Amino acid sequence: MVPPSDGSPQHPQPIQATAVIALIVYSMAMCAVLLLIELYRWEPRFSLGQFLVGSSGILCGASAFGLIVTASLFVRFFSGPQRYDRARVYAAIMSILIVVSAGVLSEAALRIAAVEKHNRLFVGNVHLLPRQWRDYAEKQQRVLVSRKSANPYFVDDDTLGWTVGSNRKSINGLYESSAEGLRSATQGEAMRDGLGDCRVALVGDSFTFGNDVRFADTWGYRLEQRLPDGCRVLNFGVSGFGIDQMYLRYMRDVPSWKPTLVVLSFINHDLFRAMGSSGFLLFDENEFPFIKPRFVLDRGGRLDIVNRPLPKAEDIFKLRYIHEVPFIEYDRAYIPAEWDRPMWWFMHRSYLARFLTSLFPLQAEGRRYVSDEEMRALNQALLKAFVAAVRQDGGTPVLVYLPSGKEEITKLPARIPDGLKILNRANLEHVDLTGCLETVSESDRFVPSGATGEGGHYTPRANAAIAACLAPTVLDRLRLALARQP
């Protein structure tokens with residue numbers, strides 16, 4: 001075809017024009033999606049200038065420029081004498097319909113493929129962000145309601161967050177508690193009755209409490225069998241406790257028992273737990289609707305609880321967004337970028353938008369109170385405070401490090417756990433039981449997940465090995481402590 005020579009604007013042939021229009025529509029859609037994703041990555045903590053010089057700002061500018069250019073080309077194709085060209089109109093309508101249909105089908109496919117695992121939504125291996133606070137909170141609220149009509153083994157506590165209830169028996173039948181709220185052999189027994197002068201108090205988490213096994217199979221009970229006649233081991237362990245709650249448990253509940261020896265035993269994860277203000281985030285793979293105390297170090301290096309009195313869980317789970325939860329900024333398990341935000345509610349309703357933004361998630365910002373340095377300093381202060389408190393009360397403190405995973409049970413671990421680093425740095429005398437499970441076959445060290453409804457804790461044989469390993473130290477300390485008694 002010979003181009004016109006009268007100076008009129010040239011237009012592509014109809015087939016070429018429709019193909020170009022389709023390409024422009026698809027390019028506009030891609031630029032719009034990219035612009036929206038990059039704008040989503042603009043966090044309130046960034047100023048406009050900071051955002052524009054970052055990678056997200058540069059991509060946002062490029063996509064905005066691309067959108068302007070493609071939109072201009074689209075308008076140009078429908079201006080001039082051929083703006084009513086039927087082929088071009090059909091091409092534009094069909095291209096738009098294809099884009100919309102692709103979006104609708106993708107949305108439907110993602111909703112079908114999405115699977116909930118441990119209170120999180122996944123599409124394949126992609127964690128679908130952001131997490132939806134209201135959905136999460138409503139599940140926790142239902143647990144709160146069901147607990148009111150039950151007689152749970154673990155109960156709310158205004159000081160500790162949660163603790164063992166008095167005179168209880170767990171649903172799975174494995175755990176019973178005494179009249180005083182200690183783990184016991186039989187439900188409701190009065191453990192204060194008949195106590196002699198030799199008493200060993202255990203303070204710790206689920207590995208000390210003895211999750212997944214009967215009372216007679218806990219290392220606390222097995223330890224008692226290795227002590228002189230008349231010596232009693234009192235188990236003050238509570239599942240889920242951090243170093244902070246162990247310290248508070250001792251301060252409030254243990255001194256009145258006048259123990260000769262007080263053993264604080266902990267695993268590496270307990271350091272992380274001390275950095276949280278909410279139990280529900282620490283164990284959010286389960287329904288765990290508890291709040292916990294949160295210590296910080298003031299300018300003088302003294303321990304201070306920032307959230308006393310503890311907020312009520314019922315009030316927290318009524319809030320619209322997790323960002324509104326009191327003291328949430330002190331919680332290391334709270335990652336703001338993972339949760340839904342008020343101004344982006346329309347994006348959070350779309351699985352497709354969530355999937356696209358999850359492929360390149362927001363980076364977590366550094367926060368003052370939840371850094372690794374703060375975690376080490378806080379837990380060191382708590383352990384020192386525990387040792388000082390026990391000595392002031394006339395008892396003998398014993399710090400014990402427990403292995404909690406197969407990667408720790410080696411003679412020369414490739415990476416020394418933070419718990420041992422803190423003990424060594426602070427020159428705190430302690431017992432490291434990391435190698436004590438080497439005598440137990442690897443397959444018989446930890447209860448398989450789901451075997452008792454929980455799993456992951458010491459088997460009866462592993463508990464026995466821990467007791468055998470710890471007994472010599474406890475016996476030596478007991479002899480010295482009893483010799484000092486008048």
# chains A, B, ... in the order shown; residues from 1 in each chain; ligands from 1
>>> closest_atom_pairs(of="stretch 261-379 of chain A", to="stretch 88-104 of chain A", cutoff="12 Å", atoms="only C-alpha atoms", output="JSON lines")
{"residue": "A:Ser350", "atom": "CA", "partner": "A:Val104", "partner_atom": "CA", "distance": 10.1}
{"residue": "A:Tyr351", "atom": "CA", "partner": "A:Gly103", "partner_atom": "CA", "distance": 10.4}
{"residue": "A:Leu352", "atom": "CA", "partner": "A:Gly103", "partner_atom": "CA", "distance": 7.6}
{"residue": "A:Ala353", "atom": "CA", "partner": "A:Gly103", "partner_atom": "CA", "distance": 9.8}
{"residue": "A:Leu356", "atom": "CA", "partner": "A:Gly103", "partner_atom": "CA", "distance": 11.8}
>>> write_last_selection(atoms="N, CA and C atoms", output="JSON list (two decimals), in the first residue's frame")
[["chain", "number", "residue", "atom", "x", "y", "z"],
["A", 350, "SER", "N", -8.20, -9.43, 48.13],
["A", 350, "SER", "CA", -7.89, -10.17, 46.91],
["A", 350, "SER", "C", -6.74, -11.14, 47.13],
["A", 351, "TYR", "N", -6.97, -12.41, 46.85],
["A", 351, "TYR", "CA", -5.91, -13.41, 46.96],
["A", 351, "TYR", "C", -4.84, -13.17, 45.89],
["A", 352, "LEU", "N", -5.24, -12.68, 44.73],
["A", 352, "LEU", "CA", -4.29, -12.41, 43.67],
["A", 352, "LEU", "C", -3.33, -11.28, 44.07],
["A", 353, "ALA", "N", -3.89, -10.21, 44.63],
["A", 353, "ALA", "CA", -3.04, -9.10, 45.09],
["A", 353, "ALA", "C", -2.11, -9.56, 46.21],
["A", 356, "LEU", "N", 0.73, -11.72, 44.72],
["A", 356, "LEU", "CA", 1.75, -10.94, 44.02],
["A", 356, "LEU", "C", 2.65, -10.19, 45.01]]
>>> closest_residue(among="A:Pro361, A:Lys421, A:Gly301, A:His269", to="A:Ser404", atoms="only C-alpha atoms")
A:His269
>>> closest_residue(among="A:Ala179, A:Leu160, A:Val447, A:Ala114", to="A:Arg308", atoms="only C-alpha atoms")
A:Leu160
>>> select_by_dssp(residues="stretch 99-243 of chain A", states="alpha helix (DSSP H)", output="PyMOL selection string")
chain A and resi 99-113+133-148+206-209+219-225+243
>>> residues_around(residues="stretch 461-466 of chain A", least_positions_apart="5", cutoff="6 Å", atoms="only C-alpha atoms", output="compact mmCIF listing (two decimals) with C-alpha atoms, in the first residue's frame")
# COMPACT_ATOMS: atom_id res chain seq x y z
CA THR A 218 9.44 -36.73 83.80
CA TRP A 219 13.09 -36.04 84.52
CA ARG A 445 15.03 -38.74 72.08
>>> residues_around(residues="A:Glu408", least_positions_apart="5", cutoff="12 Å", atoms="only C-alpha atoms", output="list of chain:residue names")
A:Ile267, A:Asn268, A:Tyr401, A:Leu402, A:Pro403, A:Pro413, A:Ala414, A:Arg415, A:Ile416, A:Pro417, A:Asp418, A:Gly419, A:Leu420, A:Asp432, A:Leu433, A:Thr434, A:Gly435, A:Cys436, A:Leu437, A:Glu438, A:Glu442
>>> atom_distance(atom1="atom CA of A:Val25", atom2="atom CA of A:Gly61")
19.2 Å
>>> residues_around(residues="stretch 229-243 of chain A", least_positions_apart="5", cutoff="6 Å", atoms="only C-alpha atoms", output="MDAnalysis selection string")
chainID A and resid 182:183 198:206 208:209 224 270 273:274
>>> atom_distance(atom1="atom CA of A:Ala337", atom2="atom CA of A:Pro130")
7.4 Å
>>> select_by_dssp(residues="stretch 181-397 of chain A", states="strand (DSSP E or B)", output="VMD selection string")
chain A and resid 183 to 184 199 to 204 232 to 235 261 to 266 278 291 295 to 297 303 to 305 339 396 to 397
>>> write_last_selection(atoms="N, CA and C atoms", output="PDB file, in the first residue's frame")
ATOM      1  N   ARG A 183       2.757 -29.570  89.103  1.00  0.00           N
ATOM      2  CA  ARG A 183       2.546 -30.862  88.460  1.00  0.00           C
ATOM      3  C   ARG A 183       2.717 -31.953  89.511  1.00  0.00           C
ATOM      4  N   SER A 184       1.793 -32.921  89.507  1.00  0.00           N
ATOM      5  CA  SER A 184       1.783 -33.930  90.560  1.00  0.00           C
ATOM      6  C   SER A 184       1.414 -35.293  90.000  1.00  0.00           C
ATOM      7  N   ARG A 199      14.463 -30.198 100.024  1.00  0.00           N
ATOM      8  CA  ARG A 199      13.494 -29.888  98.959  1.00  0.00           C
ATOM      9  C   ARG A 199      14.229 -29.265  97.765  1.00  0.00           C
ATOM     10  N   VAL A 200      13.921 -29.771  96.591  1.00  0.00           N
ATOM     11  CA  VAL A 200      14.492 -29.246  95.353  1.00  0.00           C
ATOM     12  C   VAL A 200      13.351 -28.722  94.493  1.00  0.00           C
ATOM     13  N   ALA A 201      13.378 -27.434  94.174  1.00  0.00           N
ATOM     14  CA  ALA A 201      12.330 -26.820  93.339  1.00  0.00           C
ATOM     15  C   ALA A 201      12.849 -26.692  91.915  1.00  0.00           C
ATOM     16  N   LEU A 202      12.018 -27.107  90.953  1.00  0.00           N
ATOM     17  CA  LEU A 202      12.343 -26.973  89.537  1.00  0.00           C
ATOM     18  C   LEU A 202      11.513 -25.860  88.942  1.00  0.00           C
ATOM     19  N   VAL A 203      12.155 -24.918  88.275  1.00  0.00           N
ATOM     20  CA  VAL A 203      11.466 -23.829  87.585  1.00  0.00           C
ATOM     21  C   VAL A 203      11.891 -23.890  86.129  1.00  0.00           C
ATOM     22  N   GLY A 204      10.915 -23.871  85.213  1.00  0.00           N
ATOM     23  CA  GLY A 204      11.271 -23.962  83.807  1.00  0.00           C
ATOM     24  C   GLY A 204      10.067 -23.970  82.897  1.00  0.00           C
ATOM     25  N   ARG A 232      12.484 -34.252  98.349  1.00  0.00           N
ATOM     26  CA  ARG A 232      11.367 -34.103  97.410  1.00  0.00           C
ATOM     27  C   ARG A 232      11.744 -33.138  96.294  1.00  0.00           C
ATOM     28  N   VAL A 233      11.343 -33.474  95.077  1.00  0.00           N
ATOM     29  CA  VAL A 233      11.493 -32.583  93.931  1.00  0.00           C
ATOM     30  C   VAL A 233      10.132 -31.986  93.615  1.00  0.00           C
ATOM     31  N   LEU A 234      10.032 -30.670  93.621  1.00  0.00           N
ATOM     32  CA  LEU A 234       8.785 -29.959  93.395  1.00  0.00           C
ATOM     33  C   LEU A 234       8.834 -29.310  92.018  1.00  0.00           C
ATOM     34  N   ASN A 235       7.912 -29.688  91.146  1.00  0.00           N
ATOM     35  CA  ASN A 235       7.959 -29.242  89.751  1.00  0.00           C
ATOM     36  C   ASN A 235       7.074 -28.013  89.547  1.00  0.00           C
ATOM     37  N   LEU A 261      17.385 -26.305  97.270  1.00  0.00           N
ATOM     38  CA  LEU A 261      17.983 -26.078  95.959  1.00  0.00           C
ATOM     39  C   LEU A 261      16.890 -25.601  95.009  1.00  0.00           C
ATOM     40  N   VAL A 262      17.228 -24.637  94.155  1.00  0.00           N
ATOM     41  CA  VAL A 262      16.278 -24.198  93.135  1.00  0.00           C
ATOM     42  C   VAL A 262      16.955 -24.333  91.777  1.00  0.00           C
ATOM     43  N   VAL A 263      16.398 -25.170  90.921  1.00  0.00           N
ATOM     44  CA  VAL A 263      16.945 -25.418  89.589  1.00  0.00           C
ATOM     45  C   VAL A 263      16.121 -24.649  88.571  1.00  0.00           C
ATOM     46  N   LEU A 264      16.772 -23.737  87.847  1.00  0.00           N
ATOM     47  CA  LEU A 264      16.132 -23.081  86.709  1.00  0.00           C
ATOM     48  C   LEU A 264      16.718 -23.718  85.456  1.00  0.00           C
ATOM     49  N   SER A 265      15.876 -24.455  84.737  1.00  0.00           N
ATOM     50  CA  SER A 265      16.334 -25.141  83.524  1.00  0.00           C
ATOM     51  C   SER A 265      15.619 -24.538  82.326  1.00  0.00           C
ATOM     52  N   PHE A 266      16.380 -24.305  81.249  1.00  0.00           N
ATOM     53  CA  PHE A 266      15.778 -23.623  80.100  1.00  0.00           C
ATOM     54  C   PHE A 266      16.366 -24.136  78.799  1.00  0.00           C
ATOM     55  N   SER A 278       3.065 -11.163  74.084  1.00  0.00           N
ATOM     56  CA  SER A 278       1.839 -11.909  73.774  1.00  0.00           C
ATOM     57  C   SER A 278       2.165 -13.380  73.569  1.00  0.00           C
ATOM     58  N   ILE A 291      -1.810 -13.502  77.225  1.00  0.00           N
ATOM     59  CA  ILE A 291      -0.916 -12.348  77.244  1.00  0.00           C
ATOM     60  C   ILE A 291       0.193 -12.663  78.247  1.00  0.00           C
ATOM     61  N   PHE A 295       9.430  -7.718  80.299  1.00  0.00           N
ATOM     62  CA  PHE A 295      10.483  -6.951  80.959  1.00  0.00           C
ATOM     63  C   PHE A 295      11.272  -6.150  79.928  1.00  0.00           C
ATOM     64  N   VAL A 296      11.776  -5.004  80.344  1.00  0.00           N
ATOM     65  CA  VAL A 296      12.792  -4.263  79.593  1.00  0.00           C
ATOM     66  C   VAL A 296      13.835  -3.804  80.607  1.00  0.00           C
ATOM     67  N   LEU A 297      14.970  -3.367  80.093  1.00  0.00           N
ATOM     68  CA  LEU A 297      15.992  -2.786  80.951  1.00  0.00           C
ATOM     69  C   LEU A 297      15.903  -1.267  80.867  1.00  0.00           C
ATOM     70  N   LEU A 303      15.655  -4.123  85.772  1.00  0.00           N
ATOM     71  CA  LEU A 303      14.519  -4.803  85.158  1.00  0.00           C
ATOM     72  C   LEU A 303      13.225  -4.069  85.470  1.00  0.00           C
ATOM     73  N   ASP A 304      12.413  -3.901  84.449  1.00  0.00           N
ATOM     74  CA  ASP A 304      11.143  -3.201  84.614  1.00  0.00           C
ATOM     75  C   ASP A 304      10.104  -3.852  83.714  1.00  0.00           C
ATOM     76  N   ILE A 305       8.901  -4.088  84.226  1.00  0.00           N
ATOM     77  CA  ILE A 305       7.815  -4.653  83.422  1.00  0.00           C
ATOM     78  C   ILE A 305       6.997  -3.503  82.844  1.00  0.00           C
ATOM     79  N   TRP A 339       1.419  -8.212  58.562  1.00  0.00           N
ATOM     80  CA  TRP A 339       0.007  -8.082  58.915  1.00  0.00           C
ATOM     81  C   TRP A 339      -0.678  -7.015  58.074  1.00  0.00           C
ATOM     82  N   THR A 396      20.068 -22.458  97.306  1.00  0.00           N
ATOM     83  CA  THR A 396      21.191 -22.618  96.382  1.00  0.00           C
ATOM     84  C   THR A 396      20.663 -22.673  94.956  1.00  0.00           C
ATOM     85  N   PRO A 397      21.060 -21.725  94.096  1.00  0.00           N
ATOM     86  CA  PRO A 397      20.576 -21.733  92.713  1.00  0.00           C
ATOM     87  C   PRO A 397      21.414 -22.668  91.836  1.00  0.00           C
TER      88      PRO A 397
END
>>> residues_around(residues="A:Phe446", least_positions_apart="6", cutoff="6 Å", atoms="only C-alpha atoms", output="count of residues only")
4
>>> decode(residues="stretch 300-364 of chain A", atoms="C-alpha atoms", output="mmCIF file, in the first residue's frame")
data_model
loop_
_atom_site.group_PDB
_atom_site.id
_atom_site.type_symbol
_atom_site.label_atom_id
_atom_site.label_comp_id
_atom_site.auth_asym_id
_atom_site.auth_seq_id
_atom_site.Cartn_x
_atom_site.Cartn_y
_atom_site.Cartn_z
ATOM 1 C CA GLY A 300 20.122 2.148 84.757
ATOM 2 C CA GLY A 301 20.096 -1.468 83.576
ATOM 3 C CA ARG A 302 17.341 -2.409 86.019
ATOM 4 C CA LEU A 303 14.519 -4.803 85.158
ATOM 5 C CA ASP A 304 11.143 -3.201 84.614
ATOM 6 C CA ILE A 305 7.815 -4.653 83.422
ATOM 7 C CA VAL A 306 6.237 -2.310 80.872
ATOM 8 C CA ASN A 307 2.799 -3.927 80.592
ATOM 9 C CA ARG A 308 1.697 -4.166 84.191
ATOM 10 C CA PRO A 309 -1.177 -4.695 84.759
ATOM 11 C CA LEU A 310 -1.492 -7.150 81.894
ATOM 12 C CA PRO A 311 -4.076 -6.252 79.234
ATOM 13 C CA LYS A 312 -7.074 -8.558 78.961
ATOM 14 C CA ALA A 313 -7.089 -11.019 76.072
ATOM 15 C CA GLU A 314 -10.827 -10.423 75.564
ATOM 16 C CA ASP A 315 -10.153 -6.750 74.863
ATOM 17 C CA ILE A 316 -7.173 -7.380 72.608
ATOM 18 C CA PHE A 317 -9.013 -9.756 70.282
ATOM 19 C CA LYS A 318 -11.741 -7.166 69.706
ATOM 20 C CA LEU A 319 -9.306 -4.695 68.120
ATOM 21 C CA ARG A 320 -9.547 -4.102 64.382
ATOM 22 C CA TYR A 321 -5.845 -4.382 63.604
ATOM 23 C CA ILE A 322 -2.922 -6.025 65.380
ATOM 24 C CA HIS A 323 -1.027 -2.734 65.172
ATOM 25 C CA GLU A 324 -3.464 -1.385 67.788
ATOM 26 C CA VAL A 325 -2.613 -4.067 70.386
ATOM 27 C CA PRO A 326 -1.119 -2.451 73.517
ATOM 28 C CA PHE A 327 2.663 -2.909 73.879
ATOM 29 C CA ILE A 328 2.863 -4.835 70.588
ATOM 30 C CA GLU A 329 5.978 -2.833 69.672
ATOM 31 C CA TYR A 330 7.808 -4.738 72.444
ATOM 32 C CA ASP A 331 6.984 -8.103 70.901
ATOM 33 C CA ARG A 332 9.758 -9.678 68.844
ATOM 34 C CA ALA A 333 7.315 -12.142 67.266
ATOM 35 C CA TYR A 334 5.314 -9.208 65.883
ATOM 36 C CA ILE A 335 6.501 -8.362 62.374
ATOM 37 C CA PRO A 336 4.474 -5.339 61.174
ATOM 38 C CA ALA A 337 5.102 -6.066 57.490
ATOM 39 C CA GLU A 338 3.367 -9.456 57.809
ATOM 40 C CA TRP A 339 0.007 -8.082 58.915
ATOM 41 C CA ASP A 340 -2.799 -6.243 57.150
ATOM 42 C CA ARG A 341 -2.796 -2.444 57.179
ATOM 43 C CA PRO A 342 -5.820 -0.123 57.340
ATOM 44 C CA MET A 343 -5.192 1.903 54.170
ATOM 45 C CA TRP A 344 -4.762 -1.224 52.012
ATOM 46 C CA TRP A 345 -7.920 -3.085 53.032
ATOM 47 C CA PHE A 346 -9.096 -3.332 49.392
ATOM 48 C CA MET A 347 -5.886 -5.202 48.433
ATOM 49 C CA HIS A 348 -6.157 -7.563 51.383
ATOM 50 C CA ARG A 349 -9.495 -8.860 50.086
ATOM 51 C CA SER A 350 -7.888 -10.167 46.905
ATOM 52 C CA TYR A 351 -5.908 -13.410 46.959
ATOM 53 C CA LEU A 352 -4.291 -12.406 43.666
ATOM 54 C CA ALA A 353 -3.044 -9.100 45.087
ATOM 55 C CA ARG A 354 -1.817 -10.863 48.219
ATOM 56 C CA PHE A 355 -0.055 -13.514 46.151
ATOM 57 C CA LEU A 356 1.754 -10.939 44.019
ATOM 58 C CA THR A 357 2.860 -8.872 47.015
ATOM 59 C CA SER A 358 3.925 -12.055 48.853
ATOM 60 C CA LEU A 359 6.384 -12.961 46.099
ATOM 61 C CA PHE A 360 8.418 -9.905 47.109
ATOM 62 C CA PRO A 361 7.452 -9.288 50.746
ATOM 63 C CA LEU A 362 8.201 -6.161 52.699
ATOM 64 C CA GLN A 363 11.395 -6.212 54.706
ATOM 65 C CA ALA A 364 11.060 -6.149 58.494
#
